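Trainee: The file below is my_file-v7.pdb, PDB, N, CA and C atoms and all ligand atoms:
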ATOM      1  N   MET A 998      49.476  95.206 106.962  1.00  0.00           N
ATOM      2  CA  MET A 998      50.873  95.517 107.262  1.00  0.00           C
ATOM      3  C   MET A 998      50.977  96.969 107.754  1.00  0.00           C
ATOM      4  N   ALA A 999      51.742  97.179 108.793  1.00  0.00           N
ATOM      5  CA  ALA A 999      51.912  98.528 109.353  1.00  0.00           C
ATOM      6  C   ALA A 999      52.710  99.405 108.389  1.00  0.00           C
ATOM      7  N   VAL A1000      52.414 100.693 108.417  1.00  0.00           N
ATOM      8  CA  VAL A1000      53.135 101.656 107.584  1.00  0.00           C
ATOM      9  C   VAL A1000      53.634 102.799 108.462  1.00  0.00           C
ATOM     10  N   CYS A1001      54.541 103.599 107.898  1.00  0.00           N
ATOM     11  CA  CYS A1001      55.219 104.648 108.675  1.00  0.00           C
ATOM     12  C   CYS A1001      54.256 105.629 109.340  1.00  0.00           C
ATOM     13  N   LYS A1002      53.148 105.975 108.695  1.00  0.00           N
ATOM     14  CA  LYS A1002      52.280 106.997 109.296  1.00  0.00           C
ATOM     15  C   LYS A1002      51.645 106.529 110.602  1.00  0.00           C
ATOM     16  N   GLU A1003      51.672 105.233 110.875  1.00  0.00           N
ATOM     17  CA  GLU A1003      51.127 104.685 112.130  1.00  0.00           C
ATOM     18  C   GLU A1003      52.175 104.639 113.240  1.00  0.00           C
ATOM     19  N   CYS A1004      53.373 105.081 112.940  1.00  0.00           N
ATOM     20  CA  CYS A1004      54.501 104.967 113.877  1.00  0.00           C
ATOM     21  C   CYS A1004      54.703 106.284 114.608  1.00  0.00           C
ATOM     22  N   LYS A1005      55.043 106.204 115.882  1.00  0.00           N
ATOM     23  CA  LYS A1005      55.223 107.435 116.650  1.00  0.00           C
ATOM     24  C   LYS A1005      56.495 108.182 116.260  1.00  0.00           C
ATOM     25  N   ASN A1006      57.388 107.564 115.509  1.00  0.00           N
ATOM     26  CA  ASN A1006      58.611 108.239 115.051  1.00  0.00           C
ATOM     27  C   ASN A1006      58.399 109.025 113.758  1.00  0.00           C
ATOM     28  N   PHE A1007      57.220 108.889 113.151  1.00  0.00           N
ATOM     29  CA  PHE A1007      56.918 109.586 111.887  1.00  0.00           C
ATOM     30  C   PHE A1007      56.379 110.980 112.156  1.00  0.00           C
ATOM     31  N   LYS A1008      56.996 111.992 111.537  1.00  0.00           N
ATOM     32  CA  LYS A1008      56.522 113.372 111.650  1.00  0.00           C
ATOM     33  C   LYS A1008      56.226 113.896 110.246  1.00  0.00           C
ATOM     34  N   PRO A1009      54.960 114.153 109.929  1.00  0.00           N
ATOM     35  CA  PRO A1009      54.643 114.645 108.579  1.00  0.00           C
ATOM     36  C   PRO A1009      55.233 116.030 108.341  1.00  0.00           C
ATOM     37  N   LEU A1010      55.601 116.315 107.100  1.00  0.00           N
ATOM     38  CA  LEU A1010      56.095 117.651 106.770  1.00  0.00           C
ATOM     39  C   LEU A1010      54.935 118.640 106.827  1.00  0.00           C
ATOM     40  N   LYS A1011      55.268 119.901 107.138  1.00  0.00           N
ATOM     41  CA  LYS A1011      54.247 120.961 107.134  1.00  0.00           C
ATOM     42  C   LYS A1011      54.198 121.585 105.745  1.00  0.00           C
ATOM     43  N   GLN A1012      53.050 122.167 105.424  1.00  0.00           N
ATOM     44  CA  GLN A1012      52.915 122.777 104.099  1.00  0.00           C
ATOM     45  C   GLN A1012      53.896 123.920 103.912  1.00  0.00           C
ATOM     46  N   SER A1013      54.380 124.518 105.004  1.00  0.00           N
ATOM     47  CA  SER A1013      55.341 125.615 104.903  1.00  0.00           C
ATOM     48  C   SER A1013      56.772 125.122 104.687  1.00  0.00           C
ATOM     49  N   ASP A1014      57.013 123.819 104.800  1.00  0.00           N
ATOM     50  CA  ASP A1014      58.360 123.283 104.583  1.00  0.00           C
ATOM     51  C   ASP A1014      58.717 123.361 103.098  1.00  0.00           C
ATOM     52  N   LEU A1015      59.989 123.670 102.827  1.00  0.00           N
ATOM     53  CA  LEU A1015      60.427 123.852 101.440  1.00  0.00           C
ATOM     54  C   LEU A1015      60.248 122.585 100.611  1.00  0.00           C
ATOM     55  N   ASP A1016      60.469 121.436 101.229  1.00  0.00           N
ATOM     56  CA  ASP A1016      60.379 120.179 100.477  1.00  0.00           C
ATOM     57  C   ASP A1016      59.038 119.480 100.693  1.00  0.00           C
ATOM     58  N   TYR A1017      58.006 120.251 101.091  1.00  0.00           N
ATOM     59  CA  TYR A1017      56.689 119.655 101.346  1.00  0.00           C
ATOM     60  C   TYR A1017      56.140 118.947 100.108  1.00  0.00           C
ATOM     61  N   ALA A1018      55.579 117.795 100.309  1.00  0.00           N
ATOM     62  CA  ALA A1018      54.797 117.086  99.292  1.00  0.00           C
ATOM     63  C   ALA A1018      53.841 116.175 100.036  1.00  0.00           C
ATOM     64  N   GLU A1019      52.695 115.943  99.438  1.00  0.00           N
ATOM     65  CA  GLU A1019      51.680 115.072 100.053  1.00  0.00           C
ATOM     66  C   GLU A1019      52.300 113.725 100.437  1.00  0.00           C
ATOM     67  N   GLY A1020      52.126 113.330 101.685  1.00  0.00           N
ATOM     68  CA  GLY A1020      52.578 112.012 102.121  1.00  0.00           C
ATOM     69  C   GLY A1020      54.028 111.939 102.577  1.00  0.00           C
ATOM     70  N   LYS A1021      54.775 113.052 102.428  1.00  0.00           N
ATOM     71  CA  LYS A1021      56.181 113.019 102.853  1.00  0.00           C
ATOM     72  C   LYS A1021      56.308 113.335 104.332  1.00  0.00           C
ATOM     73  N   GLY A1022      57.286 112.752 104.965  1.00  0.00           N
ATOM     74  CA  GLY A1022      57.544 113.023 106.366  1.00  0.00           C
ATOM     75  C   GLY A1022      58.981 112.694 106.715  1.00  0.00           C
ATOM     76  N   ASP A1023      59.294 112.867 107.985  1.00  0.00           N
ATOM     77  CA  ASP A1023      60.620 112.524 108.489  1.00  0.00           C
ATOM     78  C   ASP A1023      60.481 111.471 109.571  1.00  0.00           C
ATOM     79  N   CYS A1024      61.454 110.623 109.619  1.00  0.00           N
ATOM     80  CA  CYS A1024      61.545 109.610 110.671  1.00  0.00           C
ATOM     81  C   CYS A1024      62.608 110.063 111.658  1.00  0.00           C
ATOM     82  N   PHE A1025      62.185 110.404 112.874  1.00  0.00           N
ATOM     83  CA  PHE A1025      63.109 110.790 113.937  1.00  0.00           C
ATOM     84  C   PHE A1025      63.311 109.581 114.838  1.00  0.00           C
ATOM     85  N   LEU A1026      64.541 109.109 114.885  1.00  0.00           N
ATOM     86  CA  LEU A1026      64.805 107.915 115.696  1.00  0.00           C
ATOM     87  C   LEU A1026      65.796 108.215 116.812  1.00  0.00           C
ATOM     88  N   PRO A1027      65.419 107.887 118.052  1.00  0.00           N
ATOM     89  CA  PRO A1027      66.377 108.055 119.144  1.00  0.00           C
ATOM     90  C   PRO A1027      67.500 107.016 119.029  1.00  0.00           C
ATOM     91  N   GLN A1028      68.705 107.472 119.264  1.00  0.00           N
ATOM     92  CA  GLN A1028      69.888 106.602 119.240  1.00  0.00           C
ATOM     93  C   GLN A1028      70.655 106.832 120.534  1.00  0.00           C
ATOM     94  N   GLN A1029      71.489 105.903 120.859  1.00  0.00           N
ATOM     95  CA  GLN A1029      72.296 106.038 122.081  1.00  0.00           C
ATOM     96  C   GLN A1029      73.681 105.483 121.809  1.00  0.00           C
ATOM     97  N   ASP A1030      74.720 106.262 122.112  1.00  0.00           N
ATOM     98  CA  ASP A1030      76.061 105.688 122.101  1.00  0.00           C
ATOM     99  C   ASP A1030      76.633 105.811 123.507  1.00  0.00           C
ATOM    100  N   GLU A1031      77.913 105.519 123.679  1.00  0.00           N
ATOM    101  CA  GLU A1031      78.469 105.489 125.034  1.00  0.00           C
ATOM    102  C   GLU A1031      78.528 106.880 125.668  1.00  0.00           C
ATOM    103  N   LYS A1032      78.452 107.943 124.852  1.00  0.00           N
ATOM    104  CA  LYS A1032      78.564 109.294 125.394  1.00  0.00           C
ATOM    105  C   LYS A1032      77.235 109.998 125.572  1.00  0.00           C
ATOM    106  N   CYS A1033      76.322 109.797 124.688  1.00  0.00           N
ATOM    107  CA  CYS A1033      75.090 110.587 124.765  1.00  0.00           C
ATOM    108  C   CYS A1033      73.957 109.956 123.964  1.00  0.00           C
ATOM    109  N   LYS A1034      72.790 110.555 124.152  1.00  0.00           N
ATOM    110  CA  LYS A1034      71.614 110.187 123.374  1.00  0.00           C
ATOM    111  C   LYS A1034      71.445 111.229 122.273  1.00  0.00           C
ATOM    112  N   TYR A1035      71.063 110.794 121.104  1.00  0.00           N
ATOM    113  CA  TYR A1035      70.856 111.722 120.004  1.00  0.00           C
ATOM    114  C   TYR A1035      69.782 111.161 119.081  1.00  0.00           C
ATOM    115  N   TRP A1036      69.382 111.961 118.100  1.00  0.00           N
ATOM    116  CA  TRP A1036      68.345 111.540 117.168  1.00  0.00           C
ATOM    117  C   TRP A1036      68.875 111.568 115.746  1.00  0.00           C
ATOM    118  N   THR A1037      68.435 110.620 114.949  1.00  0.00           N
ATOM    119  CA  THR A1037      68.725 110.672 113.521  1.00  0.00           C
ATOM    120  C   THR A1037      67.426 110.998 112.786  1.00  0.00           C
ATOM    121  N   LEU A1038      67.557 111.604 111.644  1.00  0.00           N
ATOM    122  CA  LEU A1038      66.409 112.005 110.841  1.00  0.00           C
ATOM    123  C   LEU A1038      66.617 111.491 109.424  1.00  0.00           C
ATOM    124  N   ARG A1039      65.597 110.897 108.871  1.00  0.00           N
ATOM    125  CA  ARG A1039      65.685 110.532 107.449  1.00  0.00           C
ATOM    126  C   ARG A1039      64.320 110.701 106.803  1.00  0.00           C
ATOM    127  N   PRO A1040      64.310 111.083 105.529  1.00  0.00           N
ATOM    128  CA  PRO A1040      63.029 111.268 104.848  1.00  0.00           C
ATOM    129  C   PRO A1040      62.347 109.934 104.586  1.00  0.00           C
ATOM    130  N   VAL A1041      61.046 109.897 104.836  1.00  0.00           N
ATOM    131  CA  VAL A1041      60.237 108.699 104.573  1.00  0.00           C
ATOM    132  C   VAL A1041      58.905 109.144 103.973  1.00  0.00           C
ATOM    133  N   LYS A1042      58.135 108.193 103.507  1.00  0.00           N
ATOM    134  CA  LYS A1042      56.775 108.473 103.033  1.00  0.00           C
ATOM    135  C   LYS A1042      55.796 107.734 103.933  1.00  0.00           C
ATOM    136  N   GLU A1043      54.616 108.335 104.103  1.00  0.00           N
ATOM    137  CA  GLU A1043      53.670 107.791 105.083  1.00  0.00           C
ATOM    138  C   GLU A1043      53.209 106.375 104.778  1.00  0.00           C
ATOM    139  N   ASP A1044      53.245 105.978 103.496  1.00  0.00           N
ATOM    140  CA  ASP A1044      52.769 104.642 103.149  1.00  0.00           C
ATOM    141  C   ASP A1044      53.890 103.616 102.983  1.00  0.00           C
ATOM    142  N   MET A1045      55.115 103.969 103.412  1.00  0.00           N
ATOM    143  CA  MET A1045      56.211 102.998 103.351  1.00  0.00           C
ATOM    144  C   MET A1045      55.973 101.876 104.364  1.00  0.00           C
ATOM    145  N   PRO A1046      56.322 100.648 104.022  1.00  0.00           N
ATOM    146  CA  PRO A1046      56.201  99.550 104.996  1.00  0.00           C
ATOM    147  C   PRO A1046      57.055  99.839 106.227  1.00  0.00           C
ATOM    148  N   ALA A1047      56.504  99.505 107.385  1.00  0.00           N
ATOM    149  CA  ALA A1047      57.207  99.779 108.638  1.00  0.00           C
ATOM    150  C   ALA A1047      58.512  98.985 108.732  1.00  0.00           C
ATOM    151  N   CYS A1048      59.496  99.593 109.381  1.00  0.00           N
ATOM    152  CA  CYS A1048      60.774  98.914 109.589  1.00  0.00           C
ATOM    153  C   CYS A1048      60.779  98.227 110.962  1.00  0.00           C
ATOM    154  N   ASP A1049      61.915  97.676 111.339  1.00  0.00           N
ATOM    155  CA  ASP A1049      61.971  96.955 112.622  1.00  0.00           C
ATOM    156  C   ASP A1049      62.035  97.876 113.833  1.00  0.00           C
ATOM    157  N   ARG A1050      62.084  99.211 113.600  1.00  0.00           N
ATOM    158  CA  ARG A1050      62.036 100.166 114.731  1.00  0.00           C
ATOM    159  C   ARG A1050      60.614 100.728 114.910  1.00  0.00           C
ATOM    160  N   PHE A1051      59.655 100.179 114.222  1.00  0.00           N
ATOM    161  CA  PHE A1051      58.255 100.657 114.305  1.00  0.00           C
ATOM    162  C   PHE A1051      57.770 100.644 115.751  1.00  0.00           C
ATOM    163  N   GLU A1052      57.113 101.763 116.153  1.00  0.00           N
ATOM    164  CA  GLU A1052      56.454 101.831 117.462  1.00  0.00           C
ATOM    165  C   GLU A1052      55.076 102.414 117.227  1.00  0.00           C
ATOM    166  N   LYS A1053      54.063 101.656 117.608  1.00  0.00           N
ATOM    167  CA  LYS A1053      52.663 102.078 117.413  1.00  0.00           C
ATOM    168  C   LYS A1053      52.404 103.391 118.134  1.00  0.00           C
ATOM    169  N   LYS A1054      51.715 104.354 117.447  1.00  0.00           N
ATOM    170  CA  LYS A1054      51.355 105.640 118.080  1.00  0.00           C
ATOM    171  C   LYS A1054      50.437 105.416 119.249  1.00  0.00           C
TER     172      LYS A1054
HETATM  173  S1  LIG B1101      61.075 104.112 109.133  1.00  0.00           S
HETATM  174 FE1  LIG B1101      60.556 102.738 110.842  1.00  0.00          FE
HETATM  175  S2  LIG B1101      60.860 103.971 112.691  1.00  0.00           S
HETATM  176 FE2  LIG B1101      60.792 105.387 110.953  1.00  0.00          FE
HETATM  177  S3  LIG B1101      58.668 106.075 110.833  1.00  0.00           S
HETATM  178 FE3  LIG B1101      58.872 104.298 109.477  1.00  0.00          FE
HETATM  179  S4  LIG B1101      58.326 102.527 110.734  1.00  0.00           S
HETATM  180 FE4  LIG B1101      58.735 104.229 112.121  1.00  0.00          FE
END
Could the structure of this file be written out as structure tokens, please?
Ligand code: SF4
Mentor:
Amino acid sequence: MAVCKECKNFKPLKQSDLDYAEGKGDCFLPQQDEKCKYWTLRPVKEDMPACDRFEKK
């Protein structure tokens, strides 16, 4: 089963980040509404099961 760390939307946290912890990252997802394109960010862990927006790196 695919996991978040295999997805191109997964960005691992850096050790200098305040909330750094092993395996933590952010999911940056492109969104589009009628006016503009934007990104949403949510915290994820690298071993979480992939969601339906998974895109292979
Ligand atoms: S939550 Fe979905 S889109 Fe985000 S990193 Fe994980 S698999 Fe990718």
Trainee: Please expand the PyMOL selection byres (((chain A and resi 999) around 5) and not hetatm) into the concrete residues it hits in this file, giving the result as a PDB file with N, CA and C atoms, keeping the file's coordinate frame.
Mentor:
ATOM      1  N   MET A 998      49.476  95.206 106.962  1.00  0.00           N
ATOM      2  CA  MET A 998      50.873  95.517 107.262  1.00  0.00           C
ATOM      3  C   MET A 998      50.977  96.969 107.754  1.00  0.00           C
ATOM      4  N   VAL A1000      52.414 100.693 108.417  1.00  0.00           N
ATOM      5  CA  VAL A1000      53.135 101.656 107.584  1.00  0.00           C
ATOM      6  C   VAL A1000      53.634 102.799 108.462  1.00  0.00           C
ATOM      7  N   CYS A1001      54.541 103.599 107.898  1.00  0.00           N
ATOM      8  CA  CYS A1001      55.219 104.648 108.675  1.00  0.00           C
ATOM      9  C   CYS A1001      54.256 105.629 109.340  1.00  0.00           C
ATOM     10  N   PRO A1046      56.322 100.648 104.022  1.00  0.00           N
ATOM     11  CA  PRO A1046      56.201  99.550 104.996  1.00  0.00           C
ATOM     12  C   PRO A1046      57.055  99.839 106.227  1.00  0.00           C
ATOM     13  N   ALA A1047      56.504  99.505 107.385  1.00  0.00           N
ATOM     14  CA  ALA A1047      57.207  99.779 108.638  1.00  0.00           C
ATOM     15  C   ALA A1047      58.512  98.985 108.732  1.00  0.00           C
TER      16      ALA A1047
END
Trainee: Applying the PyMOL selection byres (((chain A and resi 1054 and name CA) around 12) and not hetatm and name CA) to the file I just gave you, which residues come out? Please list them as a list of chain:residue names.
Mentor: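 Going through the file, the PyMOL selection byres (((chain A and resi 1054 and name CA) around 12) and not hetatm and name CA) ends up selecting A:Ala999, A:Val1000, A:Cys1001, A:Lys1002, A:Glu1003, A:Cys1004, A:Lys1005, A:Asn1006, A:Phe1007, A:Lys1008, A:Phe1051, A:Glu1052, A:Lys1053.
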Trainee: Can you pull out every residue within 6.5 Å of Pro1027 of chain A, counting all atoms listed in the file, but drop anything in the same chain fewer than 6 positions away, and send it as a CSV table (one decimal) with N, CA and C atoms, in the frame of the given file?
Mentor:
chain,number,residue,atom,x,y,z
A,1035,TYR,N,71.1,110.8,121.1
A,1035,TYR,CA,70.9,111.7,120.0
A,1035,TYR,C,69.8,111.2,119.1
A,1036,TRP,N,69.4,112.0,118.1
A,1036,TRP,CA,68.3,111.5,117.2
A,1036,TRP,C,68.9,111.6,115.7
A,1037,THR,N,68.4,110.6,114.9
A,1037,THR,CA,68.7,110.7,113.5
A,1037,THR,C,67.4,111.0,112.8
Trainee: With distances taken over only N, CA and C atoms and all ligand atoms, which residue among A:Ala1018, A:Leu1026, A:Leu1010, A:Cys1033 lies nearest ligand LIG 1101 (chain B)?
Mentor: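 The answer is A:Leu1026, which sits nearest to ligand LIG 1101 (chain B).
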Trainee: What are the centre and edge lengths in Å, to one decimal, of the axis-aligned box around all listed atoms of ligand LIG 1101 (chain B) with 6 Å added on each side, as AutoDock Vina command-line options?
Mentor:
--center_x 59.7 --center_y 104.3 --center_z 110.9 --size_x 14.7 --size_y 15.5 --size_z 15.6
Trainee: Measuring between only N, CA and C atoms and all ligand atoms, which one of A:Gln1029, A:Pro1040, A:Cys1024, A:Glu1019 shows the shortest distance to ligand LIG 1101 (chain B)?
Mentor: A:Cys1024
Trainee: Once DSSP has gone over the backbone, tell me which residues of chain A are in strand (DSSP E or B), as a list in words.
Mentor: Val1000, Cys1004, Phe1007, Lys1008, Pro1009, Lys1021, Gly1022, Asp1023, Cys1024, Phe1025, Leu1026, Pro1027, Gln1028, Gln1029, Lys1034, Tyr1035, Trp1036, Thr1037, Leu1038, Arg1039, Pro1040, Val1041, Lys1042, Pro1046 and Lys1053 of chain A
Trainee: So, counting only N, CA and C atoms and all ligand atoms, which residue among A:Pro1009, A:Glu1031, A:Leu1038, A:Phe1025 is closest to ligand LIG 1101 (chain B)?
Mentor: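 The shortest atom-to-atom distance to ligand LIG 1101 (chain B) comes from A:Phe1025.
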Trainee: Evaluate the PyMOL selection byres (((chain A and resi 1041) around 6) and not hetatm) on the structure here and hand back the selected residues as a ChimeraX atom specification.
Mentor: /A:1020-1024,1039-1040,1042-1043
Trainee: Which value, in Å to one decimal, gives the distance between atom S3 of ligand LIG 1101 (chain B) and atom CA of Met1045 of chain A?
Mentor: 8.5 Å
Trainee: Quote the spacing between atom S2 of ligand LIG 1101 (chain B) and atom CA of Gln1028 of chain A in Å to one decimal place.
Mentor: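 Atom CA of Gln1028 of chain A lies 11.5 Å from atom S2 of ligand LIG 1101 (chain B).
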Trainee: Using Å and a single decimal, report how far atom S3 of ligand LIG 1101 (chain B) sits from atom N of Tyr1017 of chain A.
Mentor: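 Spanning atom N of Tyr1017 of chain A to atom S3 of ligand LIG 1101 (chain B) is a straight-line distance of 17.2 Å.
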